[in-house]
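Enquirer: File name structure-v3.json; file contents JSON, C-alpha atoms; full text below.
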```json
[["chain", "number", "residue", "atom", "x", "y", "z"],
["G", 139, "MET", "CA", 16.34, 10.29, 11.78],
["G", 140, "THR", "CA", 16.01, 7.35, 9.38],
["G", 141, "ALA", "CA", 12.83, 6.40, 7.55],
["G", 142, "ILE", "CA", 12.09, 3.01, 6.04],
["G", 143, "VAL", "CA", 9.54, 3.83, 3.36],
["G", 144, "ALA", "CA", 7.18, 1.22, 2.01],
["G", 145, "PRO", "CA", 7.38, -0.72, -0.11],
["G", 146, "SER", "CA", 11.16, -0.69, -0.57],
["G", 147, "PRO", "CA", 13.87, -3.06, -1.81],
["G", 148, "ARG", "CA", 15.75, -4.78, 0.96],
["G", 149, "ALA", "CA", 18.90, -6.81, 1.32],
["G", 150, "ALA", "CA", 17.39, -9.59, 3.41],
["G", 151, "ARG", "CA", 14.32, -11.19, 1.84],
["G", 152, "ILE", "CA", 12.56, -14.41, 2.79],
["G", 153, "GLU", "CA", 9.62, -16.32, 1.36],
["G", 154, "ARG", "CA", 6.01, -15.26, 1.87],
["G", 155, "GLY", "CA", 5.41, -14.88, 5.57],
["G", 156, "GLY", "CA", 1.76, -15.82, 5.76],
["G", 157, "GLU", "CA", 0.22, -19.18, 5.03],
["G", 158, "PRO", "CA", -3.54, -19.30, 4.41],
["G", 159, "ILE", "CA", -5.44, -20.46, 7.49],
["G", 160, "ALA", "CA", -7.15, -23.47, 5.93],
["G", 161, "ALA", "CA", -8.42, -26.92, 6.70],
["G", 162, "PRO", "CA", -6.47, -29.95, 5.44],
["G", 163, "GLY", "CA", -7.61, -31.25, 2.09],
["G", 164, "ARG", "CA", -8.82, -27.91, 0.77],
["G", 165, "GLU", "CA", -6.44, -27.89, -2.14],
["G", 166, "GLN", "CA", -9.29, -28.76, -4.53],
["G", 167, "GLY", "CA", -11.85, -26.16, -5.55],
["G", 168, "PRO", "CA", -11.97, -22.39, -4.91],
["G", 169, "PRO", "CA", -11.42, -21.02, -1.41],
["G", 170, "TYR", "CA", -14.60, -20.45, 0.55],
["G", 171, "SER", "CA", -15.35, -18.65, 3.78],
["G", 172, "ALA", "CA", -18.64, -17.87, 5.46],
["G", 173, "ALA", "CA", -17.81, -14.18, 5.17],
["G", 174, "ARG", "CA", -18.40, -14.49, 1.42],
["G", 175, "ASP", "CA", -22.10, -15.11, 2.11],
["G", 176, "ARG", "CA", -22.22, -11.60, 3.58],
["G", 177, "GLY", "CA", -20.37, -10.05, 0.66],
["G", 178, "LEU", "CA", -17.16, -9.86, 2.68],
["G", 179, "VAL", "CA", -13.73, -11.46, 2.82],
["G", 180, "ALA", "CA", -11.95, -12.30, 6.06],
["G", 181, "ILE", "CA", -8.22, -11.56, 5.80],
["G", 182, "ARG", "CA", -5.22, -12.07, 8.04],
["G", 183, "VAL", "CA", -2.61, -9.34, 7.55],
["G", 184, "GLY", "CA", 0.62, -8.59, 9.31],
["G", 185, "CYS", "CA", 4.34, -8.08, 9.24],
["G", 186, "GLU", "CA", 7.46, -8.82, 11.22],
["G", 187, "PHE", "CA", 10.68, -6.80, 11.34],
["G", 188, "ARG", "CA", 14.02, -8.00, 12.70],
["G", 189, "PHE", "CA", 16.49, -5.29, 13.67],
["G", 190, "ALA", "CA", 20.00, -4.92, 14.99],
["G", 191, "THR", "CA", 21.12, -1.87, 16.96],
["G", 192, "GLU", "CA", 23.87, -1.06, 19.40],
["G", 193, "LEU", "CA", 21.71, 1.26, 21.51],
["G", 194, "ARG", "CA", 18.04, 1.60, 22.37],
["G", 195, "VAL", "CA", 16.37, 3.51, 19.54],
["G", 196, "PRO", "CA", 13.04, 5.39, 19.70],
["G", 197, "ALA", "CA", 10.91, 4.71, 16.65],
["G", 198, "VAL", "CA", 7.52, 5.39, 15.13],
["G", 199, "VAL", "CA", 5.96, 2.38, 13.41],
["G", 200, "LEU", "CA", 3.20, 2.65, 10.81],
["G", 201, "VAL", "CA", 1.91, -0.80, 9.86],
["G", 202, "ARG", "CA", -1.54, -1.23, 11.42],
["G", 203, "ALA", "CA", -4.65, -1.67, 9.29],
["G", 204, "ARG", "CA", -6.82, 1.44, 8.93],
["G", 205, "PRO", "CA", -10.44, 0.81, 9.92],
["G", 206, "ASP", "CA", -11.97, 2.73, 7.04],
["G", 207, "GLY", "CA", -13.00, 2.24, 3.44],
["G", 208, "GLY", "CA", -15.22, -0.66, 4.48],
["G", 209, "VAL", "CA", -12.43, -2.44, 6.38],
["G", 210, "ILE", "CA", -13.29, -3.58, 9.90],
["G", 211, "VAL", "CA", -10.45, -4.57, 12.20],
["G", 212, "GLU", "CA", -11.75, -7.56, 14.16],
["G", 213, "ARG", "CA", -8.60, -8.29, 16.14],
["G", 214, "GLU", "CA", -5.02, -7.06, 16.24],
["G", 215, "THR", "CA", -1.93, -7.98, 18.25],
["G", 216, "TRP", "CA", 1.54, -6.51, 18.72],
["G", 217, "HIS", "CA", 4.69, -8.20, 19.97],
["G", 218, "VAL", "CA", 8.08, -6.56, 20.55],
["G", 219, "GLN", "CA", 11.22, -8.31, 21.74],
["G", 220, "PRO", "CA", 12.80, -7.12, 24.00],
["G", 221, "ASN", "CA", 9.55, -6.05, 25.65],
["G", 222, "ALA", "CA", 8.65, -2.38, 25.27],
["G", 223, "SER", "CA", 5.73, -0.11, 25.99],
["G", 224, "PHE", "CA", 3.65, 1.52, 23.24],
["G", 225, "SER", "CA", 1.84, 4.79, 22.80],
["G", 226, "ASP", "CA", -0.45, 5.64, 19.90],
["G", 227, "LEU", "CA", -0.67, 8.73, 17.71],
["G", 228, "VAL", "CA", -2.92, 10.10, 14.99],
["G", 229, "ASP", "CA", -1.01, 12.06, 12.35],
["G", 230, "ILE", "CA", -2.21, 14.93, 10.17],
["G", 231, "TYR", "CA", -3.47, 12.49, 7.51],
["G", 232, "GLY", "CA", -5.53, 10.44, 9.96],
["G", 233, "ASN", "CA", -3.03, 7.56, 10.01],
["G", 234, "ARG", "CA", -2.44, 5.68, 13.27],
["G", 235, "PRO", "CA", 1.28, 5.24, 13.94],
["G", 236, "ARG", "CA", 2.59, 3.71, 17.16],
["G", 237, "ARG", "CA", 5.61, 4.88, 19.16],
["G", 238, "VAL", "CA", 7.98, 2.28, 20.57],
["G", 239, "VAL", "CA", 11.58, 1.98, 21.76],
["G", 240, "ILE", "CA", 13.57, -0.76, 19.99],
["G", 241, "GLY", "CA", 15.89, -2.50, 22.45],
["G", 242, "ALA", "CA", 19.65, -2.80, 21.97],
["G", 243, "GLY", "CA", 21.07, -5.87, 20.25],
["G", 244, "LYS", "CA", 18.85, -8.15, 18.21],
["G", 245, "ALA", "CA", 15.23, -6.99, 18.29],
["G", 246, "SER", "CA", 11.97, -7.86, 16.58],
["G", 247, "LEU", "CA", 8.56, -6.28, 16.11],
["G", 248, "ARG", "CA", 5.50, -8.19, 14.93],
["G", 249, "TYR", "CA", 2.02, -6.90, 14.07],
["G", 250, "GLU", "CA", -0.92, -9.08, 13.07],
["G", 251, "ALA", "CA", -4.61, -8.40, 12.51],
["G", 252, "GLU", "CA", -7.73, -10.14, 11.31],
["G", 253, "VAL", "CA", -9.96, -7.87, 9.25],
["G", 254, "THR", "CA", -13.06, -8.07, 7.11],
["G", 255, "ALA", "CA", -13.37, -6.18, 3.85],
["G", 256, "SER", "CA", -15.65, -6.08, 0.84],
["G", 257, "ALA", "CA", -15.49, -9.14, -1.40],
["G", 258, "ALA", "CA", -16.14, -6.89, -4.40],
["G", 259, "LEU", "CA", -13.50, -5.55, -6.74],
["G", 260, "ASP", "CA", -12.25, -1.99, -6.32],
["G", 261, "GLU", "CA", -15.05, 0.35, -7.30],
["G", 262, "SER", "CA", -15.14, 1.63, -10.86],
["G", 263, "GLY", "CA", -15.89, 5.31, -11.35],
["G", 264, "SER", "CA", -15.95, 5.30, -15.12],
["G", 265, "GLY", "CA", -17.24, 8.67, -16.22],
["G", 266, "ALA", "CA", -16.31, 10.45, -12.97],
["G", 267, "VAL", "CA", -15.59, 14.07, -13.78],
["G", 268, "GLN", "CA", -12.49, 16.13, -13.14],
["G", 269, "HIS", "CA", -13.05, 19.24, -11.03],
["G", 270, "SER", "CA", -11.78, 22.66, -12.00],
["G", 271, "VAL", "CA", -9.08, 23.76, -9.58],
["G", 272, "GLU", "CA", -11.20, 26.67, -8.38],
["G", 273, "ASP", "CA", -13.98, 24.24, -7.43],
["G", 274, "LEU", "CA", -11.83, 21.89, -5.37],
["G", 275, "PRO", "CA", -12.16, 21.89, -1.56],
["G", 276, "GLY", "CA", -9.31, 23.93, -0.10],
["G", 277, "GLU", "CA", -7.92, 21.04, 1.94],
["G", 278, "LEU", "CA", -7.24, 19.09, -1.27],
["G", 279, "LEU", "CA", -4.97, 21.67, -2.88],
["G", 280, "ILE", "CA", -1.96, 20.12, -1.11],
["G", 281, "TYR", "CA", -2.45, 17.07, -3.33],
["G", 282, "LEU", "CA", -1.78, 19.19, -6.41],
["G", 283, "LEU", "CA", 1.67, 20.27, -5.20],
["G", 284, "ALA", "CA", 5.03, 18.64, -5.81],
["G", 285, "SER", "CA", 6.39, 16.66, -2.86],
["G", 286, "ARG", "CA", 9.60, 14.88, -1.86],
["G", 287, "TYR", "CA", 9.24, 11.97, -4.28],
["G", 288, "CYS", "CA", 6.48, 13.25, -6.58],
["G", 289, "LEU", "CA", 8.09, 15.96, -8.72],
["G", 290, "SER", "CA", 4.98, 16.98, -10.61],
["G", 291, "ASP", "CA", 6.42, 20.41, -11.44],
["G", 292, "THR", "CA", 9.40, 18.88, -13.24],
["G", 293, "LEU", "CA", 7.18, 16.41, -15.11],
["G", 294, "SER", "CA", 4.47, 18.88, -16.12],
["G", 295, "ASP", "CA", 5.58, 19.21, -19.75],
["G", 296, "SER", "CA", 5.90, 15.44, -20.13],
["G", 297, "ALA", "CA", 2.45, 14.94, -18.61],
["G", 298, "LEU", "CA", 0.89, 17.35, -21.08],
["G", 299, "ASP", "CA", 2.72, 15.78, -24.01],
["G", 300, "LEU", "CA", 1.56, 12.29, -23.05],
["G", 301, "PHE", "CA", -1.96, 12.92, -21.77],
["G", 302, "GLY", "CA", -2.94, 16.44, -22.74],
["G", 303, "THR", "CA", -5.33, 15.27, -25.46],
["G", 304, "SER", "CA", -6.95, 12.42, -23.50],
["G", 305, "PRO", "CA", -10.52, 12.88, -22.19],
["G", 306, "LEU", "CA", -10.75, 14.65, -18.82],
["G", 307, "GLY", "CA", -11.66, 12.79, -15.65],
["G", 308, "TRP", "CA", -11.63, 9.04, -15.09],
["G", 309, "GLU", "CA", -10.44, 8.24, -18.62],
["G", 310, "ARG", "CA", -7.42, 10.52, -18.24],
["G", 311, "VAL", "CA", -6.37, 8.94, -14.94],
["G", 312, "GLN", "CA", -6.80, 5.49, -16.45],
["G", 313, "ALA", "CA", -4.62, 6.56, -19.37],
["G", 314, "VAL", "CA", -1.93, 7.62, -16.87],
["G", 315, "CYS", "CA", -2.12, 4.28, -15.04],
["G", 316, "SER", "CA", -2.00, 2.27, -18.26],
["G", 317, "TRP", "CA", 1.02, 4.22, -19.52],
["G", 318, "VAL", "CA", 2.94, 3.76, -16.25],
["G", 319, "HIS", "CA", 2.02, 0.07, -16.08],
["G", 320, "ASP", "CA", 3.07, -0.56, -19.68],
["G", 321, "ASN", "CA", 6.26, 1.52, -19.70],
["G", 322, "VAL", "CA", 7.83, 0.92, -16.27],
["G", 323, "ARG", "CA", 9.41, -2.45, -15.54],
["G", 324, "PHE", "CA", 8.96, -3.96, -12.07],
["G", 325, "ASP", "CA", 12.31, -4.91, -10.53],
["G", 326, "TYR", "CA", 13.24, -4.94, -6.84],
["G", 327, "GLY", "CA", 16.94, -4.88, -7.61],
["G", 328, "ALA", "CA", 16.77, -1.75, -9.78],
["G", 329, "SER", "CA", 14.96, 0.52, -7.32],
["G", 330, "ARG", "CA", 16.47, 2.77, -4.65],
["G", 331, "PRO", "CA", 14.84, 4.18, -1.51],
["G", 332, "ASP", "CA", 15.57, 7.74, -2.69],
["G", 333, "MET", "CA", 14.21, 7.40, -6.24],
["G", 334, "THR", "CA", 11.95, 10.27, -7.27],
["G", 335, "SER", "CA", 9.27, 10.16, -9.93],
["G", 336, "VAL", "CA", 11.70, 11.85, -12.32],
["G", 337, "ASP", "CA", 14.22, 9.05, -11.74],
["G", 338, "VAL", "CA", 11.51, 6.48, -12.43],
["G", 339, "PHE", "CA", 10.39, 8.29, -15.59],
["G", 340, "GLN", "CA", 13.94, 8.32, -16.90],
["G", 341, "ALA", "CA", 14.93, 4.79, -15.85],
["G", 342, "LYS", "CA", 11.54, 3.16, -16.62],
["G", 343, "VAL", "CA", 12.02, 0.71, -13.76],
["G", 344, "GLY", "CA", 11.02, 0.46, -10.11],
["G", 345, "VAL", "CA", 8.83, -1.16, -7.47],
["G", 346, "CYS", "CA", 5.15, -0.47, -6.80],
["G", 347, "ARG", "CA", 6.05, 2.60, -4.71],
["G", 348, "ASP", "CA", 7.80, 4.04, -7.76],
["G", 349, "PHE", "CA", 4.87, 3.23, -10.07],
["G", 350, "ALA", "CA", 2.58, 5.11, -7.67],
["G", 351, "HIS", "CA", 4.92, 8.11, -7.38],
["G", 352, "LEU", "CA", 5.14, 8.51, -11.14],
["G", 353, "ALA", "CA", 1.38, 8.21, -11.68],
["G", 354, "ILE", "CA", 0.70, 10.64, -8.83],
["G", 355, "SER", "CA", 3.14, 13.14, -10.34],
["G", 356, "PHE", "CA", 1.45, 12.96, -13.74],
["G", 357, "CYS", "CA", -2.01, 13.42, -12.19],
["G", 358, "ARG", "CA", -0.93, 16.43, -10.13],
["G", 359, "ALA", "CA", 0.70, 17.96, -13.19],
["G", 360, "LEU", "CA", -2.70, 17.60, -14.89],
["G", 361, "ASN", "CA", -4.47, 19.34, -11.96],
["G", 362, "ILE", "CA", -5.97, 16.12, -10.61],
["G", 363, "PRO", "CA", -5.55, 15.72, -6.81],
["G", 364, "ALA", "CA", -3.69, 12.48, -6.09],
["G", 365, "ARG", "CA", -2.38, 10.92, -2.90],
["G", 366, "TYR", "CA", -0.17, 7.97, -2.03],
["G", 367, "VAL", "CA", -1.51, 4.89, -0.23],
["G", 368, "PHE", "CA", 0.24, 1.80, 1.03],
["G", 369, "GLY", "CA", -1.10, -1.28, 2.74],
["G", 370, "TYR", "CA", -1.73, -5.00, 2.44],
["G", 371, "LEU", "CA", -2.99, -6.58, -0.79],
["G", 372, "PRO", "CA", -3.85, -10.30, -0.67],
["G", 373, "ASP", "CA", -3.72, -12.43, -3.81],
["G", 374, "ILE", "CA", -7.47, -13.13, -3.91],
["G", 375, "GLU", "CA", -8.72, -14.58, -7.20],
["G", 376, "VAL", "CA", -5.43, -13.74, -8.91],
["G", 377, "ALA", "CA", -2.31, -15.80, -9.50],
["G", 378, "PRO", "CA", 0.33, -15.05, -6.83],
["G", 379, "PRO", "CA", 3.34, -13.25, -8.32],
["G", 380, "PRO", "CA", 6.79, -14.88, -8.09],
["G", 381, "GLU", "CA", 8.12, -12.19, -5.74],
["G", 382, "PRO", "CA", 7.83, -12.64, -1.96],
["G", 383, "MET", "CA", 4.84, -10.93, -0.36],
["G", 384, "ASP", "CA", 5.47, -7.28, 0.46],
["G", 385, "PHE", "CA", 3.51, -4.19, 1.32],
["G", 386, "CYS", "CA", 1.77, -2.75, -1.71],
["G", 387, "ALA", "CA", 1.51, 0.87, -2.84],
["G", 388, "TRP", "CA", -1.22, 2.42, -4.96],
["G", 389, "MET", "CA", -2.83, 5.84, -5.31],
["G", 390, "GLU", "CA", -6.16, 7.57, -4.79],
["G", 391, "VAL", "CA", -7.40, 10.39, -7.01],
["G", 392, "TYR", "CA", -10.17, 12.89, -6.40],
["G", 393, "LEU", "CA", -12.84, 12.89, -9.11],
["G", 394, "GLY", "CA", -16.57, 13.53, -9.02],
["G", 395, "GLY", "CA", -16.57, 14.65, -5.40],
["G", 396, "ARG", "CA", -14.77, 11.63, -3.87],
["G", 397, "TRP", "CA", -11.55, 9.63, -3.79],
["G", 398, "TRP", "CA", -11.08, 6.62, -6.09],
["G", 399, "THR", "CA", -8.50, 3.81, -5.99],
["G", 400, "PHE", "CA", -6.10, 3.36, -8.91],
["G", 401, "ASP", "CA", -3.26, 0.83, -9.03],
["G", 402, "PRO", "CA", -0.63, 1.64, -11.67],
["G", 403, "ARG", "CA", 1.53, -1.34, -10.67],
["G", 404, "ASN", "CA", -1.16, -3.98, -11.29],
["G", 405, "ASN", "CA", -3.45, -1.81, -13.45],
["G", 406, "ALA", "CA", -6.38, -3.97, -12.36],
["G", 407, "ARG", "CA", -9.23, -3.82, -9.89],
["G", 408, "ARG", "CA", -8.53, -6.09, -6.93],
["G", 409, "ILE", "CA", -10.29, -7.63, -3.91],
["G", 410, "GLY", "CA", -9.33, -7.08, -0.28],
["G", 411, "ARG", "CA", -7.17, -3.95, -0.18],
["G", 412, "VAL", "CA", -6.34, -3.05, 3.42],
["G", 413, "ALA", "CA", -4.88, 0.45, 3.64],
["G", 414, "VAL", "CA", -2.29, 1.26, 6.29],
["G", 415, "ALA", "CA", -1.61, 4.92, 5.54],
["G", 416, "ARG", "CA", -2.19, 7.81, 3.16],
["G", 417, "GLY", "CA", -0.04, 10.86, 2.48],
["G", 418, "ARG", "CA", 1.56, 13.02, -0.19],
["G", 419, "ASP", "CA", 4.15, 10.33, -0.98],
["G", 420, "ALA", "CA", 6.07, 7.52, 0.71],
["G", 421, "MET", "CA", 8.04, 9.91, 2.93],
["G", 422, "ASP", "CA", 4.85, 10.89, 4.74],
["G", 423, "VAL", "CA", 4.03, 7.27, 5.53],
["G", 424, "ALA", "CA", 7.31, 5.52, 6.32],
["G", 425, "MET", "CA", 6.82, 2.06, 7.84],
["G", 426, "VAL", "CA", 9.48, 2.73, 10.47],
["G", 427, "THR", "CA", 10.94, 6.10, 11.39],
["G", 428, "SER", "CA", 13.89, 5.60, 13.76],
["G", 429, "TYR", "CA", 15.57, 8.33, 15.78],
["G", 430, "GLY", "CA", 18.97, 6.66, 15.86],
["G", 431, "THR", "CA", 20.85, 3.96, 13.95],
["G", 432, "LEU", "CA", 18.62, 0.96, 13.32],
["G", 433, "LEU", "CA", 19.60, -1.80, 10.89],
["G", 434, "LEU", "CA", 16.74, -3.69, 9.27],
["G", 435, "GLU", "CA", 17.98, -7.27, 8.84],
["G", 436, "GLU", "CA", 14.80, -8.96, 7.71],
["G", 437, "MET", "CA", 11.16, -8.16, 6.98],
["G", 438, "THR", "CA", 8.22, -10.47, 6.36],
["G", 439, "VAL", "CA", 4.75, -9.42, 5.20],
["G", 440, "TRP", "CA", 1.59, -11.50, 4.86],
["G", 441, "ALA", "CA", -1.95, -10.94, 3.61],
["G", 442, "ASP", "CA", -4.12, -14.04, 3.18],
["G", 443, "GLU", "CA", -7.80, -14.82, 3.02],
["G", 444, "ILE", "CA", -8.88, -16.77, 6.10],
["G", 445, "ILE", "CA", -10.46, -20.13, 5.25],
["G", 446, "PRO", "CA", -12.29, -21.55, 8.29],
["G", 447, "VAL", "CA", -11.03, -24.91, 9.52],
["G", 448, "SER", "CA", -14.66, -26.03, 9.78],
["G", 449, "ALA", "CA", -15.26, -25.55, 6.05],
["G", 450, "THR", "CA", -16.60, -28.70, 4.39],
["G", 451, "GLY", "CA", -16.39, -30.19, 0.92],
["G", 452, "GLU", "CA", -19.87, -28.85, 0.24],
["G", 453, "ASP", "CA", -18.63, -25.36, 1.11],
["G", 454, "ARG", "CA", -15.94, -25.64, -1.53],
["G", 455, "LEU", "CA", -18.56, -26.10, -4.23],
["G", 456, "ARG", "CA", -20.33, -22.81, -3.48]]
```
Show this structure as structure tokens.
Expert:
Amino acid sequence: MTAIVAPSPRAARIERGGEPIAAPGREQGPPYSAARDRGLVAIRVGCEFRFATELRVPAVVLVRARPDGGVIVERETWHVQPNASFSDLVDIYGNRPRRVVIGAGKASLRYEAEVTASAALDESGSGAVQHSVEDLPGELLIYLLASRYCLSDTLSDSALDLFGTSPLGWERVQAVCSWVHDNVRFDYGASRPDMTSVDVFQAKVGVCRDFAHLAISFCRALNIPARYVFGYLPDIEVAPPPEPMDFCAWMEVYLGGRWWTFDPRNNARRIGRVAVARGRDAMDVAMVTSYGTLLLEEMTVWADEIIPVSATGEDRLR
């Protein structure tokens, strides 16, 4: 069994796969869509994988947008070449993977969806309290344990040294995110698929998956339930980074009776997050789990706000 965890460095990279759906001449002024009048953003998300394999390989694919957290999936399409049948699953975390058989030779799999999401920034829970362990719901205790990539037990002393005197609750989690953001360098070429949070802590380099794993490990070591999330993150009202578009990883922590989004890679509240999956770490939510040898030759990811073709110059001034 081979798992392609997300997001991960890859040998074959191409430019951003999605172009904004926009009318000609809309280069001037801020993007506008009618969804904004309803406090929403309309987003096109998707990905395409190109594989090579000598034999037919069964696989489980986890790339579809989750219809929760205020995200509504308006439309989604799948395309596999050579043609193959699908069957859907729901895993123990509520994620919605899809089973498929990848045909021998050169093969491709493409997923695309149009979704609507809140046009507001990620919610701020400043002041949210940290629960005592004995007061946590029993089903959350798993998110205090070490896992494959999140070695919170090994990092417990370091977590206490770094954050043991910071205020409990939201402020402590924010201190963790700020430290990881400021002390870990983002570099596709320096990360490895098998890097643990201890490796990231020692090397101080990684991709957004690694940032999330380290922050999750620190939070768990401080008795704060934390879980791994990956999905699509469009560049709405932020400058696009120089790297090609990829899946994005962040974390959710449990404070004040609910889960909150934190993003140690960007360390900023963002618009338009579309979650794909949640789990203990990236191993629980691999993009592609293949039961046989499957070579990933190329992957493209896109996440763009949809700008209606009918938008007018007057719209652009709103």
Enquirer: With a distance cut-off of 7 Å and only C-alpha atoms, select the neighbouring residues of Val414 in chain G, excluding the residue or stretch itself and same-chain residues fewer than 3 positions from it, and output the selection as a list in words.
Expert: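 What passes the distance filter is Val201, Arg202, Ala203, Arg204, Phe368 and Gly369 of chain G.
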Enquirer: Find the residue from G:Gly208, G:Ile354, G:Asn233, G:Arg194 that sits nearest to Asn221 in chain G; use all atoms listed in the file when measuring.
Expert: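 Ranked by minimum distance to Asn221 in chain G, first place goes to G:Arg194.
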Enquirer: Counting all atoms listed in the file, figure out which residue out of G:Glu381, G:Leu433, G:Ala364, G:Asp442 gets nearest to Gly243 in chain G.
Expert: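 Result for the nearest residue to Gly243 in chain G: G:Leu433.
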Enquirer: Sorted by chain and rising residue number, list the residues of range 231-277 of chain G at most 12 Å from range 382-391 of chain G (counting all atoms listed in the file), each with its closest atom pair and distance in Å to one decimal, as JSON lines.
Expert:
```
{"residue": "G:Asp260", "atom": "CA", "partner": "G:Glu390", "partner_atom": "CA", "distance": 11.4}
{"residue": "G:Glu261", "atom": "CA", "partner": "G:Glu390", "partner_atom": "CA", "distance": 11.7}
{"residue": "G:Gly263", "atom": "CA", "partner": "G:Val391", "partner_atom": "CA", "distance": 10.8}
{"residue": "G:Ala266", "atom": "CA", "partner": "G:Val391", "partner_atom": "CA", "distance": 10.7}
{"residue": "G:Val267", "atom": "CA", "partner": "G:Val391", "partner_atom": "CA", "distance": 11.2}
{"residue": "G:Gln268", "atom": "CA", "partner": "G:Val391", "partner_atom": "CA", "distance": 9.8}
{"residue": "G:His269", "atom": "CA", "partner": "G:Val391", "partner_atom": "CA", "distance": 11.2}
```
Enquirer: Which is closest to Tyr287 in chain G among G:Asp325, G:Asp229, G:Asp373, G:Asp337, if we use only C-alpha atoms?
Expert: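 Looking only at the distances to Tyr287 in chain G, the closest residue turns out to be G:Asp337.
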Enquirer: Can you pull out every residue within 6 Å of Ala251 in chain G, counting only C-alpha atoms, but drop anything in the same chain fewer than 3 positions away, and send it as a ChimeraX atom specification?
Expert: /G:182-183,213-214
Enquirer: Can you spit out the residues from that selection as a compact mmCIF listing (two decimals), keeping the file's coordinate frame, using C-alpha atoms?
Expert:
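Output saved as part-v4.txt:
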```txt
# COMPACT_ATOMS: atom_id res chain seq x y z
CA ARG G 182 -5.22 -12.07 8.04
CA VAL G 183 -2.61 -9.34 7.55
CA ARG G 213 -8.60 -8.29 16.14
CA GLU G 214 -5.02 -7.06 16.24
```
Enquirer: When you draw a straight line from CA of Arg403 in chain G to CA of Cys288 in chain G, how long is it in Å?
Expert: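 Going from CA of Arg403 in chain G over to CA of Cys288 in chain G covers 15.9 Å.
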Enquirer: CA of Val179 in chain G to CA of Gly207 in chain G: how many Å, to one decimal?
Expert: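 Result for CA of Val179 in chain G versus CA of Gly207 in chain G: 13.7 Å, one decimal.
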Enquirer: Could you tell me which of G:Val199, G:Ala255, G:Leu247, G:Cys315 comes closest to Pro372 in chain G if we count only C-alpha atoms?
Expert: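 Closest residue, counting only C-alpha atoms: G:Ala255.
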Enquirer: Please check which residues have atoms at most 12 Å from (-0.3, 2.1, -7.7) in the file's coordinates, counting only C-alpha atoms, and write them as a VMD selection string.
Expert: chain G and resid 145 311 to 312 314 to 316 318 to 319 322 324 344 to 355 364 to 369 371 385 to 391 398 to 408 411 419 to 420
Enquirer: List as a list of chain:residue names the protein and nucleic acid residues near Ala257 in chain G, meaning an atom at most 6 Å away when all atoms listed in the file are counted, but skip any in the same chain fewer than 6 places from it.
Expert: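 Near Ala257 in chain G, the qualifying residues are G:Gly177, G:Leu178, G:Val179, G:Ile409.
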Enquirer: Could you check which of G:Lys342, G:Gln219, G:Thr334, G:Thr438 is closest to Trp317 in chain G, using only C-alpha atoms?
Expert: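 Closest residue, counting only C-alpha atoms: G:Lys342.
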Enquirer: Separation of CA of Ser329 in chain G and CA of Pro379 in chain G, in Å?
Expert: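 So the answer is 18.0 Å.
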Enquirer: Using all atoms listed in the file, which protein or nucleic acid residues come within 6 Å of range 274-285 of chain G? Drop anything in the same chain fewer than 4 positions from it, and give the result as a list in words.
Expert: Leu289, Ser290, Arg358, Pro363 and Ala364 of chain G
